[in-house]
Amino acid sequence: MKYAEARLGRTFIIRLEDGEILHETIEAFARAHAITAAAIIALGGADEGSRLVVGPEHGRSKPVSPMEHILADVHEIAGVGTIFPDKDRNPVLHMHIASGRNESTITGCVRRGVRVWQVLEVILFELHDTRACRIFDTQTGFELLEP
């Protein structure tokens, strides 16, 4: 385990609107407000055609081959995530959502493009006094959080 401490900064209440792409909009907001680290919760709707990364195709095989799921219709969503900077100090959102419709639910990462259906509410908790960042890890091929 690796860890670091941080201090809470500003709290933002954000409403994303119909058609906005979740990760692109939140990362643009973070850049515009000089946010480099944050914790995020979100709830609302995802439109049909939204794309989720839903796991590796073959467990622990290398290289990792991500699977993608495209939502066939509108889904209700709830999600949690973090923002930490990459090697170029750009804020990067890492968020997983559970998206449901009727009796089925799918969970995945939003990086491939989740499009808002009507409205998505986000609470963003800024984190101060941290040097945590995302560093490329050659073993996994992921940009891992380095506290």
# chains A, B, ... in the order shown; residues from 1 in each chain; ligands from 1
>>> residues_around(residues="segment 31-35 of chain A", least_positions_apart="3", cutoff="9 Å", atoms="only C-alpha atoms", output="ChimeraX atom specification")
/A:26-28,38,83-84,90-91,126-128
>>> write_last_selection(atoms="N, CA and C atoms", output="PDB file, in the first residue's frame")
ATOM      1  N   ILE A  26     -15.558  17.475 -17.378  1.00  0.00           N
ATOM      2  CA  ILE A  26     -14.983  17.606 -16.039  1.00  0.00           C
ATOM      3  C   ILE A  26     -13.501  17.985 -16.112  1.00  0.00           C
ATOM      4  N   GLU A  27     -12.756  17.404 -17.031  1.00  0.00           N
ATOM      5  CA  GLU A  27     -11.341  17.763 -17.163  1.00  0.00           C
ATOM      6  C   GLU A  27     -11.186  19.213 -17.625  1.00  0.00           C
ATOM      7  N   ALA A  28     -12.042  19.689 -18.517  1.00  0.00           N
ATOM      8  CA  ALA A  28     -12.004  21.096 -18.943  1.00  0.00           C
ATOM      9  C   ALA A  28     -12.352  22.013 -17.771  1.00  0.00           C
ATOM     10  N   ALA A  38      -8.737  15.997  -7.027  1.00  0.00           N
ATOM     11  CA  ALA A  38     -10.107  16.074  -6.509  1.00  0.00           C
ATOM     12  C   ALA A  38     -10.695  14.684  -6.370  1.00  0.00           C
ATOM     13  N   ILE A  83      -9.570  12.933  -9.658  1.00  0.00           N
ATOM     14  CA  ILE A  83      -8.772  13.691 -10.624  1.00  0.00           C
ATOM     15  C   ILE A  83      -7.386  13.825 -10.028  1.00  0.00           C
ATOM     16  N   PHE A  84      -6.387  13.449 -10.815  1.00  0.00           N
ATOM     17  CA  PHE A  84      -4.994  13.688 -10.468  1.00  0.00           C
ATOM     18  C   PHE A  84      -4.263  14.006 -11.758  1.00  0.00           C
ATOM     19  N   ASN A  90      -1.597  17.803 -16.520  1.00  0.00           N
ATOM     20  CA  ASN A  90      -2.991  17.944 -16.940  1.00  0.00           C
ATOM     21  C   ASN A  90      -3.882  17.126 -16.019  1.00  0.00           C
ATOM     22  N   PRO A  91      -5.014  17.675 -15.579  1.00  0.00           N
ATOM     23  CA  PRO A  91      -5.917  16.894 -14.723  1.00  0.00           C
ATOM     24  C   PRO A  91      -6.570  15.770 -15.520  1.00  0.00           C
ATOM     25  N   GLU A 126     -12.262  19.397  -4.092  1.00  0.00           N
ATOM     26  CA  GLU A 126     -10.867  19.684  -4.435  1.00  0.00           C
ATOM     27  C   GLU A 126      -9.948  19.221  -3.303  1.00  0.00           C
ATOM     28  N   LEU A 127      -8.780  18.696  -3.681  1.00  0.00           N
ATOM     29  CA  LEU A 127      -7.776  18.265  -2.714  1.00  0.00           C
ATOM     30  C   LEU A 127      -6.537  19.139  -2.841  1.00  0.00           C
ATOM     31  N   HIS A 128      -6.067  19.649  -1.719  1.00  0.00           N
ATOM     32  CA  HIS A 128      -4.867  20.502  -1.671  1.00  0.00           C
ATOM     33  C   HIS A 128      -3.731  19.766  -0.956  1.00  0.00           C
TER      34      HIS A 128
END
>>> select_by_dssp(residues="segment 36-81 of chain A", states="strand (DSSP E or B)", output="list of chain:residue names")
A:Ala38, A:Ala39, A:Ile40, A:Ile41, A:Ala42, A:Leu43, A:Gly44, A:Gly45, A:Ala46, A:Arg51, A:Leu52, A:Val53, A:Val54, A:Gly55, A:Pro56, A:Pro66, A:Met67, A:Glu68, A:His69, A:Ile70, A:His75, A:Glu76, A:Ile77, A:Ala78, A:Gly79, A:Val80, A:Gly81
>>> write_last_selection(atoms="N, CA and C atoms", output="short mmCIF file (atom, residue, chain, number, x, y, z; two decimals), in the first residue's frame")
data_model
loop_
_atom_site.label_atom_id
_atom_site.label_comp_id
_atom_site.auth_asym_id
_atom_site.auth_seq_id
_atom_site.Cartn_x
_atom_site.Cartn_y
_atom_site.Cartn_z
N ALA A 38 -8.74 16.00 -7.03
CA ALA A 38 -10.11 16.07 -6.51
C ALA A 38 -10.69 14.68 -6.37
N ALA A 39 -11.76 14.62 -5.55
CA ALA A 39 -12.62 13.44 -5.47
C ALA A 39 -13.98 13.86 -6.01
N ILE A 40 -14.66 12.93 -6.69
CA ILE A 40 -15.90 13.29 -7.38
C ILE A 40 -16.97 12.22 -7.15
N ILE A 41 -18.20 12.69 -6.98
CA ILE A 41 -19.36 11.80 -7.03
C ILE A 41 -20.29 12.35 -8.10
N ALA A 42 -21.02 11.46 -8.75
CA ALA A 42 -21.90 11.88 -9.85
C ALA A 42 -23.13 11.01 -9.91
N LEU A 43 -24.26 11.63 -10.32
CA LEU A 43 -25.46 10.85 -10.59
C LEU A 43 -26.30 11.56 -11.62
N GLY A 44 -27.00 10.77 -12.41
CA GLY A 44 -27.84 11.33 -13.46
C GLY A 44 -28.09 10.31 -14.54
N GLY A 45 -28.04 10.76 -15.78
CA GLY A 45 -28.35 9.88 -16.90
C GLY A 45 -27.25 9.82 -17.94
N ALA A 46 -27.08 8.64 -18.53
CA ALA A 46 -26.16 8.43 -19.64
C ALA A 46 -26.98 8.11 -20.88
N ARG A 51 -20.03 4.96 -24.08
CA ARG A 51 -19.07 3.86 -24.10
C ARG A 51 -18.39 3.71 -22.74
N LEU A 52 -18.30 2.46 -22.29
CA LEU A 52 -17.64 2.15 -21.02
C LEU A 52 -16.56 1.10 -21.25
N VAL A 53 -15.46 1.21 -20.52
CA VAL A 53 -14.48 0.14 -20.45
C VAL A 53 -14.96 -0.78 -19.34
N VAL A 54 -15.18 -2.05 -19.67
CA VAL A 54 -15.81 -2.97 -18.73
C VAL A 54 -14.91 -4.13 -18.29
N GLY A 55 -13.63 -3.95 -18.43
CA GLY A 55 -12.70 -4.96 -17.93
C GLY A 55 -11.73 -5.44 -18.98
N PRO A 56 -10.73 -6.16 -18.53
CA PRO A 56 -9.80 -6.76 -19.50
C PRO A 56 -10.43 -7.99 -20.11
N PRO A 66 -8.44 -4.15 -23.23
CA PRO A 66 -9.69 -3.68 -22.62
C PRO A 66 -10.91 -4.04 -23.45
N MET A 67 -12.01 -4.31 -22.75
CA MET A 67 -13.28 -4.57 -23.41
C MET A 67 -14.12 -3.30 -23.33
N GLU A 68 -14.94 -3.09 -24.33
CA GLU A 68 -15.79 -1.90 -24.37
C GLU A 68 -17.25 -2.33 -24.46
N HIS A 69 -18.10 -1.61 -23.74
CA HIS A 69 -19.54 -1.84 -23.80
C HIS A 69 -20.20 -0.54 -24.23
N ILE A 70 -21.07 -0.61 -25.21
CA ILE A 70 -21.81 0.57 -25.68
C ILE A 70 -23.24 0.45 -25.18
N HIS A 75 -29.55 5.15 -19.69
CA HIS A 75 -29.35 4.48 -18.41
C HIS A 75 -29.26 5.50 -17.28
N GLU A 76 -29.72 5.10 -16.10
CA GLU A 76 -29.47 5.85 -14.88
C GLU A 76 -28.06 5.53 -14.43
N ILE A 77 -27.33 6.51 -13.90
CA ILE A 77 -25.96 6.23 -13.47
C ILE A 77 -25.65 6.83 -12.11
N ALA A 78 -24.72 6.18 -11.43
CA ALA A 78 -24.11 6.69 -10.20
C ALA A 78 -22.64 6.36 -10.30
N GLY A 79 -21.79 7.32 -9.95
CA GLY A 79 -20.36 7.08 -10.11
C GLY A 79 -19.50 7.80 -9.10
N VAL A 80 -18.29 7.30 -8.97
CA VAL A 80 -17.27 7.92 -8.12
C VAL A 80 -15.97 7.99 -8.90
N GLY A 81 -15.17 8.99 -8.58
CA GLY A 81 -13.91 9.10 -9.31
C GLY A 81 -12.93 10.02 -8.63
#
>>> closest_residue(among="A:Ser50, A:Thr140, A:Thr82, A:Thr130", to="Arg112 of chain A", atoms="only C-alpha atoms")
A:Ser50
>>> closest_residue(among="A:His58, A:Ser65, A:Tyr3, A:Val92", to="Ala30 of chain A", atoms="only C-alpha atoms")
A:Val92
>>> residues_around(residues="Thr11 of chain A", least_positions_apart="5", cutoff="9 Å", atoms="only C-alpha atoms", output="PyMOL selection string")
chain A and resi 123-126
>>> closest_residue(among="A:Ile97, A:Ala4, A:Val64, A:Val114", to="Cys133 of chain A", atoms="only C-alpha atoms")
A:Ala4
>>> select_by_dssp(residues="chain A", states="helix (DSSP H, G or I)", output="mmCIF file with C-alpha atoms, in the first residue's frame")
data_model
loop_
_atom_site.group_PDB
_atom_site.id
_atom_site.type_symbol
_atom_site.label_atom_id
_atom_site.label_comp_id
_atom_site.auth_asym_id
_atom_site.auth_seq_id
_atom_site.Cartn_x
_atom_site.Cartn_y
_atom_site.Cartn_z
ATOM 1 C CA LEU A 22 -18.515 13.399 -18.930
ATOM 2 C CA HIS A 23 -14.726 13.070 -18.743
ATOM 3 C CA GLU A 24 -14.033 15.834 -21.292
ATOM 4 C CA THR A 25 -16.319 18.322 -19.536
ATOM 5 C CA ILE A 26 -14.983 17.606 -16.039
ATOM 6 C CA GLU A 27 -11.341 17.763 -17.163
ATOM 7 C CA ALA A 28 -12.004 21.096 -18.943
ATOM 8 C CA PHE A 29 -13.685 22.398 -15.772
ATOM 9 C CA ALA A 30 -10.671 21.311 -13.699
ATOM 10 C CA ARG A 31 -8.259 23.106 -16.049
ATOM 11 C CA ALA A 32 -10.402 26.273 -16.051
ATOM 12 C CA VAL A 110 -16.003 6.430 -18.413
ATOM 13 C CA ARG A 111 -12.786 7.112 -20.409
ATOM 14 C CA ARG A 112 -14.232 5.970 -23.747
#
>>> closest_residue(among="A:Val74, A:Leu8, A:Val122, A:Met1", to="Met95 of chain A", atoms="only C-alpha atoms")
A:Val122
>>> closest_residue(among="A:Glu103, A:Ala72, A:Ile135, A:Val116", to="Arg89 of chain A", atoms="only C-alpha atoms")
A:Ile135
